[in-house]
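> For reference, this is run.txt, and it has compact mmCIF, C-alpha atoms and all ligand atoms.
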# COMPACT_ATOMS: atom_id res chain seq x y z
CA MET A 1 12.38 119.15 -185.21
CA SER A 2 12.58 118.01 -181.61
CA SER A 3 10.08 119.25 -179.10
CA THR A 4 9.57 119.79 -175.41
CA HIS A 5 6.91 118.24 -173.18
CA ASN A 6 3.74 118.15 -175.20
CA GLY A 7 1.31 116.35 -172.95
CA ASN A 8 -0.30 112.98 -173.23
CA GLY A 9 -3.92 113.99 -173.59
CA SER A 10 -5.42 114.52 -170.14
CA GLN A 11 -8.67 115.87 -171.66
CA ARG A 12 -8.28 119.36 -170.23
CA LEU A 13 -10.44 120.76 -173.05
CA ALA A 14 -13.10 118.06 -173.16
CA GLY A 15 -16.43 119.42 -174.42
CA LYS A 16 -14.92 122.60 -175.84
CA VAL A 17 -14.76 123.81 -179.44
CA ALA A 18 -11.65 125.81 -180.35
CA LEU A 19 -10.69 127.87 -183.39
CA VAL A 20 -6.99 128.32 -184.15
CA THR A 21 -6.12 130.81 -186.89
CA GLY A 22 -3.02 130.15 -188.96
CA GLY A 23 -3.08 126.55 -187.89
CA SER A 24 -1.53 124.91 -190.96
CA ARG A 25 2.02 125.03 -189.57
CA GLY A 26 4.24 126.35 -186.81
CA ILE A 27 2.79 127.48 -183.48
CA GLY A 28 -0.79 127.30 -184.75
CA ARG A 29 -0.45 123.70 -185.84
CA ALA A 30 1.22 122.62 -182.59
CA THR A 31 -1.56 124.35 -180.65
CA ALA A 32 -4.34 122.79 -182.72
CA GLU A 33 -2.85 119.31 -182.34
CA ARG A 34 -2.33 119.78 -178.60
CA PHE A 35 -5.90 121.00 -178.12
CA ALA A 36 -7.26 118.01 -180.07
CA ARG A 37 -5.26 115.63 -177.86
CA GLU A 38 -6.82 117.36 -174.85
CA GLY A 39 -10.32 116.54 -176.04
CA ALA A 40 -11.32 119.75 -177.87
CA LYS A 41 -13.05 119.81 -181.20
CA VAL A 42 -10.65 121.96 -183.22
CA VAL A 43 -11.11 124.11 -186.33
CA VAL A 44 -8.13 125.69 -188.00
CA VAL A 45 -8.11 128.28 -190.74
CA SER A 46 -5.12 129.18 -192.89
CA ARG A 47 -4.47 130.68 -196.29
CA SER A 48 -3.30 127.42 -197.80
CA GLY A 49 -5.26 124.81 -195.87
CA ALA A 50 -3.55 121.65 -194.60
CA ASP A 51 -4.31 118.01 -193.95
CA LEU A 52 -4.30 117.80 -190.15
CA GLY A 53 -5.94 114.41 -189.83
CA SER A 54 -9.52 113.48 -189.06
CA ASP A 55 -9.58 115.06 -185.57
CA ILE A 56 -9.10 118.62 -186.82
CA LEU A 57 -11.35 120.49 -189.25
CA SER A 58 -9.03 122.42 -191.57
CA LEU A 59 -10.54 125.31 -193.53
CA THR A 60 -9.07 127.78 -196.00
CA GLY A 61 -9.51 131.53 -195.65
CA ASP A 62 -7.92 134.90 -195.10
CA VAL A 63 -8.62 136.06 -191.55
CA SER A 64 -7.94 139.68 -192.45
CA ARG A 65 -11.04 139.66 -194.73
CA GLU A 66 -14.44 140.24 -193.16
CA ALA A 67 -16.23 138.02 -195.68
CA ASP A 68 -13.88 135.10 -195.02
CA VAL A 69 -14.23 135.42 -191.25
CA SER A 70 -18.05 135.57 -191.52
CA ALA A 71 -18.01 132.43 -193.67
CA LEU A 72 -15.68 130.73 -191.20
CA PHE A 73 -17.97 131.40 -188.26
CA ALA A 74 -21.03 130.31 -190.25
CA GLU A 75 -19.24 127.00 -190.87
CA ILE A 76 -18.35 126.66 -187.16
CA GLU A 77 -22.00 127.28 -186.21
CA ARG A 78 -23.21 124.77 -188.80
CA THR A 79 -20.74 122.06 -187.83
CA PHE A 80 -20.46 122.42 -184.04
CA GLY A 81 -23.18 124.87 -182.90
CA GLN A 82 -20.85 126.34 -180.28
CA LEU A 83 -17.46 127.96 -179.77
CA ASP A 84 -15.47 128.26 -176.53
CA VAL A 85 -11.91 129.23 -177.48
CA VAL A 86 -10.25 131.37 -180.17
CA VAL A 87 -6.49 131.36 -180.60
CA ASN A 88 -5.53 134.31 -182.80
CA ASN A 89 -2.22 133.06 -184.12
CA ALA A 90 -2.15 134.00 -187.84
CA ALA A 91 0.27 136.80 -188.61
CA ILE A 92 2.95 137.86 -191.03
CA GLU A 93 6.32 139.44 -190.41
CA PHE A 94 7.72 142.29 -192.48
CA GLU A 95 11.30 143.46 -192.26
CA GLY A 96 11.90 147.18 -192.52
CA THR A 97 12.37 150.42 -190.68
CA VAL A 98 9.80 153.18 -191.15
CA ASP A 99 12.08 154.48 -193.94
CA ASP A 100 11.92 151.13 -195.74
CA THR A 101 8.17 150.49 -195.34
CA THR A 102 5.63 151.69 -197.90
CA VAL A 103 2.14 152.75 -196.87
CA GLU A 104 0.74 149.68 -198.62
CA GLN A 105 3.10 147.35 -196.74
CA TRP A 106 2.19 149.05 -193.45
CA ASP A 107 -1.53 148.65 -194.09
CA HIS A 108 -1.15 145.03 -195.17
CA VAL A 109 0.72 143.93 -192.03
CA MET A 110 -1.64 145.84 -189.71
CA THR A 111 -4.62 144.31 -191.51
CA VAL A 112 -3.37 140.74 -191.25
CA ASN A 113 -1.95 140.99 -187.73
CA VAL A 114 -4.45 143.28 -185.99
CA ARG A 115 -7.72 143.59 -187.91
CA SER A 116 -7.92 139.78 -187.99
CA VAL A 117 -8.00 139.70 -184.17
CA PHE A 118 -10.76 142.31 -184.16
CA LEU A 119 -12.78 140.37 -186.76
CA THR A 120 -12.57 136.94 -185.11
CA SER A 121 -13.27 138.42 -181.67
CA LYS A 122 -16.30 140.31 -182.99
CA CYS A 123 -17.73 137.10 -184.47
CA ALA A 124 -16.82 134.99 -181.42
CA LEU A 125 -18.42 137.21 -178.75
CA PRO A 126 -22.07 136.26 -179.48
CA LEU A 127 -21.13 132.55 -179.47
CA PHE A 128 -19.19 132.95 -176.22
CA ARG A 129 -22.15 134.71 -174.57
CA ARG A 130 -24.43 131.88 -175.61
CA ALA A 131 -21.98 129.35 -174.10
CA GLY A 132 -21.71 131.31 -170.82
CA GLY A 133 -18.17 132.48 -171.53
CA GLY A 134 -15.09 131.93 -173.64
CA SER A 135 -11.36 132.37 -173.90
CA ILE A 136 -9.40 134.42 -176.45
CA VAL A 137 -5.68 133.68 -176.64
CA ASN A 138 -3.74 136.09 -178.82
CA ILE A 139 -0.28 135.09 -179.98
CA ALA A 140 1.58 138.40 -179.78
CA SER A 141 5.36 138.65 -179.34
CA VAL A 142 8.02 140.10 -177.08
CA ASP A 143 8.17 142.67 -179.89
CA GLY A 144 4.88 144.02 -178.53
CA HIS A 145 6.80 145.06 -175.41
CA TRP A 146 10.10 146.15 -176.89
CA ALA A 147 11.21 147.11 -180.40
CA GLU A 148 13.32 144.73 -182.42
CA PRO A 149 15.48 146.63 -184.92
CA GLY A 150 14.20 146.77 -188.50
CA LEU A 151 10.71 145.44 -187.74
CA ALA A 152 8.80 148.72 -187.35
CA VAL A 153 5.35 147.64 -188.49
CA TYR A 154 5.61 144.13 -186.97
CA ASN A 155 6.58 145.63 -183.58
CA THR A 156 3.67 148.05 -183.88
CA SER A 157 1.19 145.36 -184.82
CA LYS A 158 2.12 143.23 -181.81
CA GLY A 159 1.82 146.22 -179.47
CA ALA A 160 -1.66 146.79 -180.89
CA VAL A 161 -2.57 143.15 -180.26
CA LEU A 162 -1.62 143.58 -176.60
CA ALA A 163 -3.81 146.70 -176.37
CA LEU A 164 -6.74 144.87 -177.98
CA THR A 165 -6.19 141.94 -175.60
CA ARG A 166 -6.68 144.29 -172.65
CA ALA A 167 -9.68 146.05 -174.23
CA LEU A 168 -11.47 142.73 -174.79
CA ALA A 169 -10.82 141.69 -171.19
CA ILE A 170 -12.10 144.95 -169.74
CA ASP A 171 -15.21 145.20 -171.90
CA HIS A 172 -16.35 141.57 -171.88
CA GLY A 173 -15.26 140.17 -168.54
CA LYS A 174 -18.85 140.64 -167.35
CA ASP A 175 -19.84 137.94 -169.86
CA ASN A 176 -17.14 135.60 -168.53
CA VAL A 177 -15.07 136.23 -171.65
CA ARG A 178 -11.35 136.07 -170.90
CA SER A 179 -8.69 137.55 -173.15
CA ASN A 180 -4.95 136.97 -172.79
CA ALA A 181 -1.83 137.23 -174.91
CA ILE A 182 1.28 135.09 -175.17
CA CYS A 183 4.52 136.85 -176.04
CA PRO A 184 7.11 134.43 -177.39
CA SER A 185 10.66 135.38 -178.33
CA TYR A 186 12.24 133.18 -181.00
CA VAL A 187 10.20 130.07 -181.84
CA LEU A 188 11.62 127.51 -184.26
CA THR A 189 9.02 127.72 -187.03
CA ASP A 190 8.97 128.37 -190.78
CA MET A 191 8.44 132.10 -190.12
CA LEU A 192 11.65 132.25 -188.10
CA GLU A 193 13.62 130.05 -190.51
CA GLN A 194 12.70 132.47 -193.32
CA PHE A 195 13.98 135.34 -191.18
CA PHE A 196 17.33 133.58 -190.59
CA ASP A 197 17.62 132.61 -194.26
CA HIS A 198 17.68 136.32 -195.13
CA GLU A 199 20.71 136.89 -192.91
CA ALA A 200 24.22 137.00 -194.42
CA ASP A 201 25.28 133.98 -192.35
CA PRO A 202 22.11 132.03 -191.41
CA ALA A 203 23.91 129.42 -189.27
CA LYS A 204 25.66 132.11 -187.24
CA ALA A 205 22.39 134.05 -186.87
CA ARG A 206 20.63 130.92 -185.52
CA ALA A 207 23.43 130.25 -183.01
CA GLN A 208 23.45 133.87 -181.86
CA ALA A 209 19.67 133.90 -181.45
CA ALA A 210 19.88 130.83 -179.21
CA SER A 211 22.75 132.26 -177.18
CA ILE A 212 20.99 135.50 -176.18
CA HIS A 213 18.44 133.47 -174.19
CA PRO A 214 19.52 132.66 -170.62
CA LEU A 215 18.29 129.09 -171.27
CA ASN A 216 20.59 129.06 -174.33
CA ARG A 217 17.99 127.86 -176.77
CA MET A 218 15.09 129.10 -178.81
CA SER A 219 11.62 127.77 -178.07
CA TYR A 220 9.66 125.08 -179.86
CA PRO A 221 6.04 125.45 -181.00
CA ASP A 222 5.03 123.01 -178.25
CA ASP A 223 6.34 125.42 -175.59
CA ILE A 224 3.83 127.99 -176.81
CA ALA A 225 1.06 125.39 -177.22
CA ASN A 226 1.49 124.35 -173.57
CA LEU A 227 0.79 127.90 -172.34
CA ALA A 228 -2.05 128.38 -174.85
CA LEU A 229 -3.62 125.20 -173.46
CA PHE A 230 -3.53 126.55 -169.91
CA LEU A 231 -5.03 129.91 -170.93
CA ALA A 232 -7.74 128.20 -172.99
CA SER A 233 -8.70 125.80 -170.20
CA ASP A 234 -10.87 126.32 -167.13
CA GLU A 235 -7.68 126.10 -165.01
CA ALA A 236 -7.10 129.73 -166.09
CA SER A 237 -10.60 130.88 -165.10
CA PHE A 238 -9.24 133.92 -163.18
CA ALA A 239 -6.66 134.90 -165.80
CA THR A 240 -7.61 137.78 -168.07
CA GLY A 241 -6.28 140.98 -169.58
CA GLN A 242 -2.66 139.93 -169.32
CA SER A 243 0.34 139.33 -171.48
CA TYR A 244 2.38 136.22 -170.66
CA VAL A 245 5.96 136.50 -171.80
CA LEU A 246 7.42 133.11 -172.72
CA ASP A 247 10.97 133.82 -173.76
CA GLY A 248 13.49 131.61 -171.97
CA GLY A 249 14.41 134.62 -169.84
CA LEU A 250 15.37 136.82 -172.80
CA THR A 251 13.68 139.99 -171.55
CA ALA A 252 14.36 139.38 -167.85
CA GLY A 253 17.51 141.43 -167.95
CA ARG A 254 20.44 142.37 -170.10
CA THR A 255 22.61 139.51 -171.26
CA VAL A 256 25.51 141.72 -172.38
CA ASP A 257 28.00 142.19 -169.55
CA LEU A 258 28.58 145.95 -169.71
CA SER A 259 31.59 145.69 -167.40
CA ARG A 260 33.44 144.10 -170.32
CA LEU A 261 32.64 147.10 -172.50
CA LEU A 262 32.92 149.96 -170.00
CA SER A 263 35.16 150.90 -167.13
CA THR A 264 34.10 149.31 -163.80
CA GLU A 265 33.09 152.73 -162.37
CA THR A 266 30.45 153.33 -165.05
CA ALA A 267 29.33 149.76 -165.74
CA HIS A 268 26.88 149.29 -162.88
CA VAL A 269 24.01 151.61 -163.76
N1 LIG A 301 8.25 132.13 -184.89
C1 LIG A 301 8.62 133.03 -184.01
O1 LIG A 301 9.81 133.16 -183.67
C2 LIG A 301 7.61 133.92 -183.35
C3 LIG A 301 8.01 134.74 -182.29
C4 LIG A 301 7.08 135.56 -181.66
C5 LIG A 301 5.77 135.57 -182.09
N2 LIG A 301 5.38 134.76 -183.14
C6 LIG A 301 3.99 134.82 -183.55
O2 LIG A 301 3.45 133.52 -183.52
C7 LIG A 301 2.43 133.39 -184.51
C8 LIG A 301 2.70 132.19 -185.39
O3 LIG A 301 4.00 132.30 -185.91
P1 LIG A 301 4.69 131.11 -186.73
O4 LIG A 301 6.13 131.32 -186.60
O5 LIG A 301 4.08 129.80 -186.36
O6 LIG A 301 4.22 131.52 -188.22
P2 LIG A 301 4.21 130.71 -189.59
O7 LIG A 301 4.54 131.71 -190.66
O8 LIG A 301 5.03 129.47 -189.51
O9 LIG A 301 2.68 130.32 -189.70
C9 LIG A 301 1.73 131.34 -189.85
C10 LIG A 301 0.39 130.74 -190.12
O10 LIG A 301 -0.53 131.83 -190.30
C11 LIG A 301 -1.24 131.65 -191.49
N3 LIG A 301 -1.64 132.96 -192.00
C12 LIG A 301 -0.87 134.02 -192.27
N4 LIG A 301 -1.63 135.03 -192.75
C13 LIG A 301 -2.91 134.58 -192.76
C14 LIG A 301 -4.14 135.14 -193.13
N5 LIG A 301 -4.23 136.39 -193.61
N6 LIG A 301 -5.27 134.38 -193.03
C15 LIG A 301 -5.21 133.11 -192.56
N7 LIG A 301 -4.07 132.52 -192.17
C16 LIG A 301 -2.93 133.25 -192.29
C17 LIG A 301 -0.33 130.88 -192.41
O11 LIG A 301 -1.07 130.22 -193.43
C18 LIG A 301 0.31 129.92 -191.40
O12 LIG A 301 -0.58 128.83 -191.17
C19 LIG A 301 2.41 134.72 -185.25
O13 LIG A 301 1.42 135.54 -184.69
C20 LIG A 301 3.78 135.29 -184.97
O14 LIG A 301 3.82 136.70 -185.09
C21 LIG A 301 6.27 133.94 -183.77
What is this file in structure tokens?

Amino acid sequence: MSSTHNGNGSQRLAGKVALVTGGSRGIGRATAERFAREGAKVVVVSRSGADLGSDILSLTGDVSREADVSALFAEIERTFGQLDVVVNNAAIEFEGTVDDTTVEQWDHVMTVNVRSVFLTSKCALPLFRRAGGGSIVNIASVDGHWAEPGLAVYNTSKGAVLALTRALAIDHGKDNVRSNAICPSYVLTDMLEQFFDHEADPAKARAQAASIHPLNRMSYPDDIANLALFLASDEASFATGQSYVLDGGLTAGRTVDLSRLLSTETAHV
């Protein structure tokens, strides 16, 4: 996979310790690798674990489980004795309308995508206070702002992540804890490839997904990592409580020209 500008290691995170959840692949992996190049000590946690080289500590765990998150933070304390940044990236997608979604499926997605952010934040806050502050970067989605068809619980979970992002900022700003969210559109990762593979014509679906972006492409994990780096770093010391949409212009306006579908009198609403 090709990538966009991914930095050459200007040490913007020197002296910091960062946790990236779901860091074995995709956006999480790109973020972990970028942070390490910028001088951070990086811990990733994922369900499967991954060999990310000697610069990144890769642990296995389920971030939706309280016991796993407690064990993860105990390991961070033991190994590094500090924590400055948490990137809550781990999530799952589930396709279905409310009609198609069982109660168990609903609870599972909400647990993985939302409770995990609560759990890691709860464990991180005491460490952040001890360090004089910290930065939480939640990887949400444009689906937290609008609803994508057939993704009822995923849309809901990302909206909840945005609400929790704001709550953390409001309640813990006094401790110099910042909390922000990144809302990507389509990012070329395994999660997205699996989504396209379920379509009747995957190649056509990929081309259409690129074409709805004004920049006529989907994003790469490095695009998201670049923004996560800024929000994690001291350069963003006044940024908190916000959602940063990174979508190649997708949600800036409608890309369907209604004048082609409607008469010219009614097209310009
Ligand atoms: N790919 C996209 O198009 C896209 C668009 C918008 C938002 N996002 C969001 O970006 C984030 C990363 O997406 P991605 O495409 O890189 O995903 P991915 O499926 O490629 O990777 C997800 C990672 O999360 C980990 N993970 C999942 N559940 C976990 C759990 N319970 N405990 C620990 N680790 C767990 C997986 O092991 C994996 O490392 C997600 O929050 C996703 O919702 C992705």
> Taking all atoms listed in the file into account, which residues are within 6 Å of ligand LIG 301 (chain A), as number ranges by chain?
A: 21-28, 45-48, 61-64, 89-92, 112, 139-141, 184-192
> Compile the contact shell of Val87 of chain A as a list in words: residues with an atom at most 10 Å away, counting all atoms listed in the file, same-chain residues fewer than 5 positions apart removed.
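Counting all atoms listed in the file, the residues come to Ala18, Leu19, Val20, Thr21, Gly22, Gly23, Gly28, Thr31, Ala32, Val44, Val117, Thr120, Ser121, Ser135, Ile136, Val137, Asn138, Ile139, Ser179, Asn180, Ala181, Ala228, Leu229, Leu231 and Ala232 of chain A.
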> I'd like to know which of A:Val114, A:Arg78, A:Met218, A:Val17 is closest to Asp55 of chain A, using all atoms listed in the file.
A:Val17
> Under the rule that all atoms listed in the file are counted, which of A:Ile56, A:Ala209, A:Ser157, A:Ile76 is the nearest residue to Asp107 of chain A?
A:Ser157
> Between A:Pro221, A:Asn113, A:Arg178, A:Gly132, which one has atoms that come closest to Arg166 of chain A, using all atoms listed in the file?
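Nearest candidate to Arg166 of chain A out of A:Pro221, A:Asn113, A:Arg178, A:Gly132: A:Arg178.
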> Any idea what the distance is between atom CA of Pro149 of chain A and atom CA of Thr97 of chain A?
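For atom CA of Pro149 of chain A relative to atom CA of Thr97 of chain A, the distance reads 7.6 Å.
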> Can you measure atom CA of Lys16 of chain A to atom CA of Leu127 of chain A for me? One decimal in Å is fine.
12.3 Å
> Using atom CA of Glu193 of chain A and atom CA of Asp99 of chain A as the two end points, give the distance in Å to one decimal.
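Separation between atom CA of Glu193 of chain A and atom CA of Asp99 of chain A: 24.7 Å.
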> I'd like to know which of A:Gly173, A:Gly15, A:Gly49, A:Gly159 is closest to Thr240 of chain A, using all atoms listed in the file.
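Ranked by minimum distance to Thr240 of chain A, first place goes to A:Gly173.
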> Within 7 Å of Val245 of chain A, counting all atoms listed in the file, which residues qualify if same-chain residues fewer than 4 places away don't, as a list in words?
Val142, Ile182, Cys183 and Pro184 of chain A
> From the set A:Leu164, A:Leu72, A:Ala40, A:Ile170, which residue has the shortest atom-to-atom contact distance to Cys123 of chain A, counting only C-alpha atoms?
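Smallest separation from Cys123 of chain A among the options: A:Leu72.
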> Under the rule that only C-alpha atoms are counted, which of A:Thr111, A:Asn155, A:Gln105, A:Thr165 is the nearest residue to Gly241 of chain A?
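For Gly241 of chain A, the nearest of the candidates is A:Thr165.
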> Pick out the residues sitting within 10 Å of Trp106 of chain A, and hand them over as a VMD selection string; count all atoms listed in the file, and ignore anything fewer than 5 positions along from it in its own chain.
chain A and resid 94 96 98 101 111 152 to 154 156 to 157
> Please produce an output containing C-alpha atoms for each residue in the selection, written as an mmCIF file, in the frame of the given file.

data_model
loop_
_atom_site.group_PDB
_atom_site.id
_atom_site.type_symbol
_atom_site.label_atom_id
_atom_site.label_comp_id
_atom_site.auth_asym_id
_atom_site.auth_seq_id
_atom_site.Cartn_x
_atom_site.Cartn_y
_atom_site.Cartn_z
ATOM 1 C CA PHE A 94 7.720 142.290 -192.480
ATOM 2 C CA GLY A 96 11.900 147.180 -192.520
ATOM 3 C CA VAL A 98 9.800 153.180 -191.150
ATOM 4 C CA THR A 101 8.170 150.490 -195.340
ATOM 5 C CA THR A 111 -4.620 144.310 -191.510
ATOM 6 C CA ALA A 152 8.800 148.720 -187.350
ATOM 7 C CA VAL A 153 5.350 147.640 -188.490
ATOM 8 C CA TYR A 154 5.610 144.130 -186.970
ATOM 9 C CA THR A 156 3.670 148.050 -183.880
ATOM 10 C CA SER A 157 1.190 145.360 -184.820
#
